[in-house]
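The structure appears below as structure tokens.
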Amino acid sequence: MSNMAPKKGDLNDDEKDLIAQINAGDISQVKTLLSKNNVRVDCLDENGMTPLQHAAYKAQTDICQVLLKNGADVNSNQHEHGYTALMFAALSGNLEVTRVMLEAGARTSTVNTVGRTASQMAAFVGQHAVVSLINNFFSREELDHYTKPQGVEKEPKLPPSLADCVHKLILMSNLNPVKIILHLQENPEFQDELVTVARLLDTLCTKFMKQSETNEVMAMKVHYQGCVLREAHKWLVEKNDTLQNLMKYFLKGREKDGFPVAQEKFLRLSIRSFPYHESELLQQIVHNVAPVTVGDDPTALSILVSAINGHQSAAAEDQCFTCGELQAEKKCSACKKVKYCGQACQKLHWFTHKKVCATLKAEYLQEQELAQKMKQQSLEGQEVNGGGGTEQQTSTTGDGDPGTEISNGAAHSGNEPQDEEDINIEIVEADGDLEITET
Ligand SMILES: [Zn+2]
Ligand SMILES: [Zn+2]
């Protein structure tokens with residue numbers, strides 16, 4: 001490889017061939033060309049695009065890795081519109097190639113000539129999964145730094161055995177407190193170190209705010225996660241209680257409509273305790289949360305999620321009522337108004353859902369009746385078929401959504417009943433919905 005400083009459009013024949021082979025996806029030709037002395041890995045075409053940027057735009061993950069191994073500059077910013085390799089990856093909509101750029105150290109705060117970051121560009125073209133990936137990225141190397149004692153420290157800030165589950169926590173895009181508690185439940189060793197990890201998250205929060213490229217999104221996220229961990233510590237150690245009961249505390253709905261007031265208040269307090277009051281992101285979130293009466297939409301959680309993950313269209317429709325996981329497909333078979341990702345989540349929610357289930361069922365039936373009437377009016381004479389359900393015709397919901405509620409997907413195995421239940425309940429799967437009965 002030559003060390004000549006690349007100039008726009010100054011390509012020799014081999015470099016032109018390199019870009020052609022990248023666009024054709026021929027990795028072996030790319031490798032051969034890169035081994036030649038006259039081929040500069042960061043050469044620039046007439047638009048100022050590097051080979052890596054071409055490969056990122058074409059979502060050629062393997063070729064990107066070869067180029068990076070050969071020293072390609074992931075942050076090259078000579079493109080005529082100021083696009084970086086991460087921006088091209090984001091525009092491609094490909095998660096894998098975006099991750100490769102992030103792991104190679106792509107800066108997320110660089111803006112193009114119209115002032116947009118890679119994440120904003122991805123949002124602009126509707127690549128929401130990419131937006132979420134960029135906004136929530138935190139490399140394992142960065143975390144591993146804290147598993148070794150630094151300076152005068154005798155102990156590292158993070159016990160190395162916890163690095164895996166803490167890294168998972170930081171990358172989680174689901175911010176539902178119940179989901180975070182479920183993650184703690186799955187990792188019992190985590191439960192002994194809640195304060196240690198919360199302190200580490202404070203350190204990271206400060207770092208995200210004080211580093212030269214401020215990352216308010218990650219600062220807010222780790223701050224909030226730290227709040228949940230401290231709450232868990234409070235329940236386990238100070239109250240000598242269980243994580244199961246903490247989740248119930250977060251889920252308990254108020255009498256009149258089942259709205260989880262305690263969760264809303266916890267979210268609001270957590271947001272307000274963010275220590276960097278000058279943060280624009282904080283001000284934006286508070287501005288959106290403050291005028292909403294507790295119990296109305298949008299919830300503080302949904303505002304926090306869209307501030308951190310970018311706007312996710314229609315995501316709320318498919319969320320598990322308990323843990324917030326997306327693509328929840330199981331419905332309560334009685335009321336059909338709440339969705340769950342599986343039996344464990346329905347079971348966890350039942351103690352409070354059962355108080356409003358009958359009311360919701362009445363609402364659902366009313367909606368069905370109305371929808372049926374409207375359908376008869378608009379589709380006169382046409383035969384209507386249910387979406388594969390034999391139990392009843394439920395292919396149309398009030399909002400005209402096609403028949404998605406009857407899922408014939410593989411049965412969720414579900415967890416065995418926990419010992420600490422105040423009620424005995426049994427869940428039976430019927431036509432993909434979850435039927436719950438107290439025994
Ligand atoms: Zn769930
Ligand atoms: Zn129900």
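Quick note on naming: the chains in the structure tokens go A, B, ... in the order shown, residues restart at 1 in each chain, and ligands are numbered from 1 in order of appearance.
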
Who sits within 9 Å of Val39 of chain A, only C-alpha atoms, same chain under 4 positions skipped, as a ChimeraX atom specification: /A:1-2,11-12,14-15,18,33-35,43

Please produce a file of the residues just selected, as an mmCIF file, in the first residue's frame, where the atoms kept are N, CA and C atoms.
```cif
data_model
loop_
_atom_site.group_PDB
_atom_site.id
_atom_site.type_symbol
_atom_site.label_atom_id
_atom_site.label_comp_id
_atom_site.auth_asym_id
_atom_site.auth_seq_id
_atom_site.Cartn_x
_atom_site.Cartn_y
_atom_site.Cartn_z
ATOM 1 N N MET A 1 0.831 -1.218 0.000
ATOM 2 C CA MET A 1 0.000 0.000 0.000
ATOM 3 C C MET A 1 0.860 1.261 0.000
ATOM 4 N N SER A 2 0.444 2.213 -0.756
ATOM 5 C CA SER A 2 1.201 3.456 -0.851
ATOM 6 C C SER A 2 0.749 4.428 0.225
ATOM 7 N N LEU A 11 -7.663 8.313 -8.902
ATOM 8 C CA LEU A 11 -7.595 6.855 -8.781
ATOM 9 C C LEU A 11 -6.769 6.255 -9.904
ATOM 10 N N ASN A 12 -5.885 5.316 -9.563
ATOM 11 C CA ASN A 12 -5.213 4.578 -10.641
ATOM 12 C C ASN A 12 -6.112 3.417 -11.064
ATOM 13 N N ASP A 14 -5.914 0.194 -10.798
ATOM 14 C CA ASP A 14 -6.177 -0.851 -9.809
ATOM 15 C C ASP A 14 -7.178 -0.376 -8.750
ATOM 16 N N GLU A 15 -7.084 0.888 -8.389
ATOM 17 C CA GLU A 15 -8.018 1.424 -7.398
ATOM 18 C C GLU A 15 -9.437 1.514 -7.969
ATOM 19 N N LEU A 18 -10.656 -1.864 -7.787
ATOM 20 C CA LEU A 18 -11.020 -2.211 -6.396
ATOM 21 C C LEU A 18 -12.465 -1.797 -6.109
ATOM 22 N N LEU A 33 -6.353 -7.211 -4.899
ATOM 23 C CA LEU A 33 -6.045 -5.819 -5.231
ATOM 24 C C LEU A 33 -5.424 -5.089 -4.035
ATOM 25 N N LEU A 34 -5.932 -5.384 -2.830
ATOM 26 C CA LEU A 34 -5.405 -4.699 -1.643
ATOM 27 C C LEU A 34 -3.948 -5.071 -1.370
ATOM 28 N N SER A 35 -3.532 -6.234 -1.874
ATOM 29 C CA SER A 35 -2.143 -6.643 -1.626
ATOM 30 C C SER A 35 -1.173 -5.926 -2.565
ATOM 31 N N CYS A 43 -8.266 5.361 -0.784
ATOM 32 C CA CYS A 43 -8.321 6.202 -1.972
ATOM 33 C C CYS A 43 -9.734 6.769 -2.134
#
```

Shell around Leu184 of chain A at 12 Å using only C-alpha atoms, local window under 2 positions removed, as a count of residues only: 34

Within 7 Å of ligand 1 (only C-alpha atoms and all ligand atoms), residues as a VMD selection string: chain A and resid 320 to 325 340 to 342 345

Can you write just those residues out, C-alpha atoms, as a short mmCIF file (atom, residue, chain, number, x, y, z; two decimals), in the first residue's frame?
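Contents of result-v1.cif, freshly written:
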```cif
data_model
loop_
_atom_site.label_atom_id
_atom_site.label_comp_id
_atom_site.auth_asym_id
_atom_site.auth_seq_id
_atom_site.Cartn_x
_atom_site.Cartn_y
_atom_site.Cartn_z
CA CYS A 320 -46.07 -7.29 25.76
CA PHE A 321 -48.22 -5.66 28.42
CA THR A 322 -45.95 -6.98 31.15
CA CYS A 323 -42.39 -6.66 29.93
CA GLY A 324 -42.60 -4.43 26.84
CA GLU A 325 -41.01 -6.92 24.45
CA TYR A 340 -48.21 -10.88 26.08
CA CYS A 341 -44.96 -12.35 24.83
CA GLY A 342 -45.79 -15.61 26.59
CA CYS A 345 -45.72 -12.63 31.42
#
```

So which residues of segment 244-370 of chain A fall under alpha helix (DSSP H) by DSSP, listed as a VMD selection string? chain A and resid 244 to 251 261 to 272 280 to 289 300 to 309 343 to 353 357 to 370

List every residue of chain A that has an atom at most 6 Å from any atom of ligand 2, giving for each one its closest atom pair and the distance in Å to one decimal, counting only C-alpha atoms and all ligand atoms, sorted by chain and then by ascending residue number, as a tab-separated table.
```
residue	atom	partner	partner_atom_place_in_ligand_line	distance
A:Cys332	CA	ligand 2	1 (Zn)	4.6
A:Ala334	CA	ligand 2	1 (Zn)	5.0
A:Cys335	CA	ligand 2	1 (Zn)	4.1
A:Cys357	CA	ligand 2	1 (Zn)	3.9
```

Closest-contact table, segment 133-165 of chain A side, partner segment 92-116 of chain A, 10 Å, counting only C-alpha atoms, as a tab-separated table:
```
residue	atom	partner	partner_atom	distance
A:Leu133	CA	A:Leu95	CA	7.5
A:Ile134	CA	A:Thr108	CA	7.2
A:Asn135	CA	A:Thr108	CA	8.2
A:Phe137	CA	A:Leu102	CA	7.4
A:Phe138	CA	A:Leu102	CA	8.7
A:Ser139	CA	A:Glu103	CA	6.5
A:Arg140	CA	A:Glu103	CA	8.9
A:Glu141	CA	A:Glu103	CA	9.2
```

How about saving the chosen residues, N, CA and C atoms kept, as an mmCIF file, in the first residue's frame?
```cif
data_model
loop_
_atom_site.group_PDB
_atom_site.id
_atom_site.type_symbol
_atom_site.label_atom_id
_atom_site.label_comp_id
_atom_site.auth_asym_id
_atom_site.auth_seq_id
_atom_site.Cartn_x
_atom_site.Cartn_y
_atom_site.Cartn_z
ATOM 1 N N LEU A 133 -29.946 0.538 17.000
ATOM 2 C CA LEU A 133 -28.611 -0.075 17.144
ATOM 3 C C LEU A 133 -27.553 1.009 17.378
ATOM 4 N N ILE A 134 -27.582 2.067 16.579
ATOM 5 C CA ILE A 134 -26.567 3.121 16.708
ATOM 6 C C ILE A 134 -26.717 3.827 18.058
ATOM 7 N N ASN A 135 -27.947 4.157 18.408
ATOM 8 C CA ASN A 135 -28.157 4.931 19.631
ATOM 9 C C ASN A 135 -27.832 4.150 20.902
ATOM 10 N N PHE A 137 -25.464 1.684 21.069
ATOM 11 C CA PHE A 137 -24.228 0.912 20.966
ATOM 12 C C PHE A 137 -23.234 1.255 22.069
ATOM 13 N N PHE A 138 -22.669 0.212 22.642
ATOM 14 C CA PHE A 138 -21.601 0.374 23.621
ATOM 15 C C PHE A 138 -20.716 -0.860 23.474
ATOM 16 N N SER A 139 -19.446 -0.650 23.124
ATOM 17 C CA SER A 139 -18.631 -1.808 22.787
ATOM 18 C C SER A 139 -18.215 -2.573 24.040
ATOM 19 N N ARG A 140 -17.997 -3.871 23.846
ATOM 20 C CA ARG A 140 -17.573 -4.736 24.937
ATOM 21 C C ARG A 140 -16.185 -4.300 25.444
ATOM 22 N N GLU A 141 -15.328 -3.860 24.530
ATOM 23 C CA GLU A 141 -13.981 -3.407 24.929
ATOM 24 C C GLU A 141 -14.080 -2.253 25.925
#
```

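Atom CA of Asn136 of chain A lies 5.8 Å from atom CA of Leu171 of chain A.
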
Env of Val222 of chain A: 8 Å cut, atoms = only C-alpha atoms, seq-sep filter 3 positions within chain, self excluded. Answer as an MDAnalysis selection string. chainID A and resid 170 201:202 204:205 218:219 225:226

Option closest in space to Lys221 of chain A, from A:Gln60, A:Leu326, A:Thr117, A:Leu304 [counting only C-alpha atoms]: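 Going through A:Gln60, A:Leu326, A:Thr117, A:Leu304 one by one, the smallest distance to Lys221 of chain A is for A:Leu304.
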
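For the choices A:Leu67, A:Val195, A:Ala344, A:Ala55, the atom-to-atom distance to Glu426 of chain A is smallest for A:Ala344 when using only C-alpha atoms.
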